[in-house]
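K.L.:
Below you'll find the structure I mean.
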Amino acid sequence: MNAPFQSSQTGENRPAMKLLIAAPRGFCAGVDRAIEIVEKALERYGAPVFVRHEIVHNKYVVEELKAKGAIFVEELDEVPDDAPVVFSAHGVPKSVPAEAERRKLLYVDATCPLVSKVHRQAERQIEKGRHIIFIGHAGHPEVIGTMGQVEPGQMTLVETVEDVARLEFPGDEELSFLTQTTLSVDDTVEIIEALEARFPQIVGPKAEDICYATSNRQAAVKQIAPQSDLVLVIGAPNSSNSLRLVEVAERLGTTSYLIQRADEIDPAWLDGVGTLGLTAGASAPETLVREVIARLAEWREIHEETVTAVEEKMVFKLPRQLTE
């Protein structure tokens with residue numbers, strides 16, 4: 001344990017605690033863009049605007065957009081014929097825009113451009129006659145969307161090195177691999193190495209599919225976790241990139257908890273904690289970071305320090321239909 005800070009204030013009832021705040025944290029360019037797309041659609045078309053699935057994995061963000069007139073649905077058949085609909089940042093199978101066009105729905109695609117890039121890579125690999133091994137988490141919306149870019153049977157999902165060992169392909173089968181954008185950087189390297197060892201002929205993308213924001217947030221946690229007694233990650237339990245941040249801290253030997261809001265913090269967690277690390281997943285707004293810090297300050301005298309792994313300057317353009 002790091003030794004608890006001594007309060008400099010005489011008579012201070014709250015013990016002092018160092019707070020290492022990771023940077024970058026919170027919203028990435030793809031999430032910023034997706035939220036702005038819903039807001040611009042509401043401005044342009046008026047409420048209600050329907051959104052297929054959570055636009056991003058964060059209850060706070062979803063509730064804020066609901067208050068502005070967004071209606072969240074699971075499938076297109078819940079969208080009236082005359083209403084605009086937005087597709088979430090995670091991407092959708094090809095069948096979804098096809099159905100929207102068949103019904104002549106006005107739709108706006110908020111798929112993150114980095115996810116769209118993986119979709120295009122999948123199409124190219126199929127055109128070249130290769131079977132795709134996709135590294136990702138079963139059931140995640142991004143995985144469903146990416147696997148839905150190709151015909152059934154053209155892509156095989158693997159989640160672990162053990163899954164790779166169970167694959168059965170002929171030695172001369174033309175293979176390629178792609179990855180979900182929000183995976184653990186370290187896990188993915190191990191899985192790719194296992195694929196290349198089993199199938200030397202396999203080809204992959206020239207550049208890493210794991211998005212810059214996921215990599216950067218994991219790198220920042222790697223800097224704060226070794227210096228911390230506890231790491232808190234603000235994010236949703238269905239947010240892949242947030243769950244990976246917890247795993248990164250745990251692998252470095254630091255206890256870590258995923259929380260959605262400040263009221264989920266158990267004060268007992270802070271017993272004996274001299275240094276606390278704090279970060280937020282790519283779909284968690286900075287408002288929630290400040291909310292957590294305010295709650296911590298009720299119990300401890302906080303000494304904030306920002307630990308920056310890398311500066312982020314990425315911005316994605318909005319769809320032309322919302323800017324013209």
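Numbering starts fresh at 1 for the residues of each chain in the structure tokens, the chains themselves are lettered A, B, ... in the order given, and ligands are numbered from 1 as they appear.
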For region 171-188 of chain A, please output as a list in words all residues within 7 Å (counting only C-alpha atoms; exclusion window: fewer than 3 positions along the same chain).
P.N.:
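That gives Val115, Gln125, Arg130, His131, Ile132, Ile133, Phe134, Ile135, Gly136, Glu142, Val143, Ile191, Ile192, Gln201, Ile202, Val203, Gly204, Pro205, Asp209, Ile210, Cys211, Thr214, Ser215, Ser240, Asn241 and Arg244 of chain A.
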K.L.:
If you run DSSP on the backbone, which residues of region 11-236 of chain A are strand (DSSP E or B), as a ChimeraX atom specification?
P.N.:
/A:16-23,49-52,70-73,85-87,107-109,131-135,155-158,175-179,203,230-234
K.L.:
Can you pull out every residue within 7 Å of region 21-38 of chain A, counting only C-alpha atoms, but drop anything in the same chain fewer than 3 positions away, and send it as a ChimeraX atom specification?
P.N.:
/A:41-42,55-56,86,89,110,112,213,216-217,220-221,224,277-286,305-311,314-316,318
K.L.:
Determine the nearest neighbour of Trp269 (chain A) from the options A:Leu20, A:Val150, A:Val96, A:Leu232, counting only C-alpha atoms.
P.N.:
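Smallest distance to Trp269 (chain A) is found for A:Leu232.
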K.L.:
Got a sec to tell me which of region 163-295 of chain A DSSP assigns to helix (DSSP H, G or I), as a VMD selection string?
P.N.:
chain A and resid 163 to 165 185 to 198 212 to 227 240 to 251 262 to 264 267 to 270 286 to 295
K.L.:
Ranking A:Ala138, A:Ile259, A:Ala16, A:Val49 by minimum distance to Thr160 (chain A) and counting only C-alpha atoms, which one comes first?
P.N.:
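For Thr160 (chain A), the nearest of the candidates is A:Ala138.
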K.L.:
Check the smallest atom-to-atom distance from each of A:Glu196, A:Glu298, A:Glu63, A:Glu99 to Glu75 (chain A) using only C-alpha atoms, then report the winner.
P.N.:
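Looking at the shortest contact to Glu75 (chain A), the residue is A:Glu99.
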K.L.:
Taking only C-alpha atoms into account, which of A:His57, A:Lys94, A:Lys222, A:Lys68 comes nearest Gly253 (chain A)?
P.N.:
A:Lys222
K.L.:
Expressed in Å to a single decimal, how great is the separation between CA of Pro80 (chain A) and CA of Pro141 (chain A)?
P.N.:
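Pair CA of Pro80 (chain A) / CA of Pro141 (chain A) returns 22.7 Å.
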K.L.:
I'd like the neighbourhood of Gln260 (chain A) as a list in words, where a residue qualifies if any of its atoms comes within 8 Å (using only C-alpha atoms), though same-chain residues fewer than 5 positions away should be ignored.
P.N.:
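Contacts, in chain order: Ile234, Gly235, Ala236 and Pro237 of chain A.
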K.L.:
For CA of Lys104 (chain A) and CA of Val51 (chain A), determine how far apart the two atoms are, in Å to one decimal place.
P.N.:
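Going from CA of Lys104 (chain A) over to CA of Val51 (chain A) covers 16.2 Å.
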K.L.:
Which of these residues is nearest to Ala268 (chain A), using only C-alpha atoms: A:Val62, A:Leu296, A:Leu322, A:Ile144?
P.N.:
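Closest residue, counting only C-alpha atoms: A:Leu296.
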K.L.:
Write out as a VMD selection string which residues come within 7 Å of region 117-119 of chain A when counting only C-alpha atoms, dropping same-chain ones fewer than 3 positions away.
P.N.:
chain A and resid 113 to 114 122 to 123 146 149
K.L.:
Have a look at CA of Pro267 (chain A) and CA of Arg300 (chain A) and let me know their distance in Å, one decimal.
P.N.:
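Between these atoms lies a distance of 10.0 Å.
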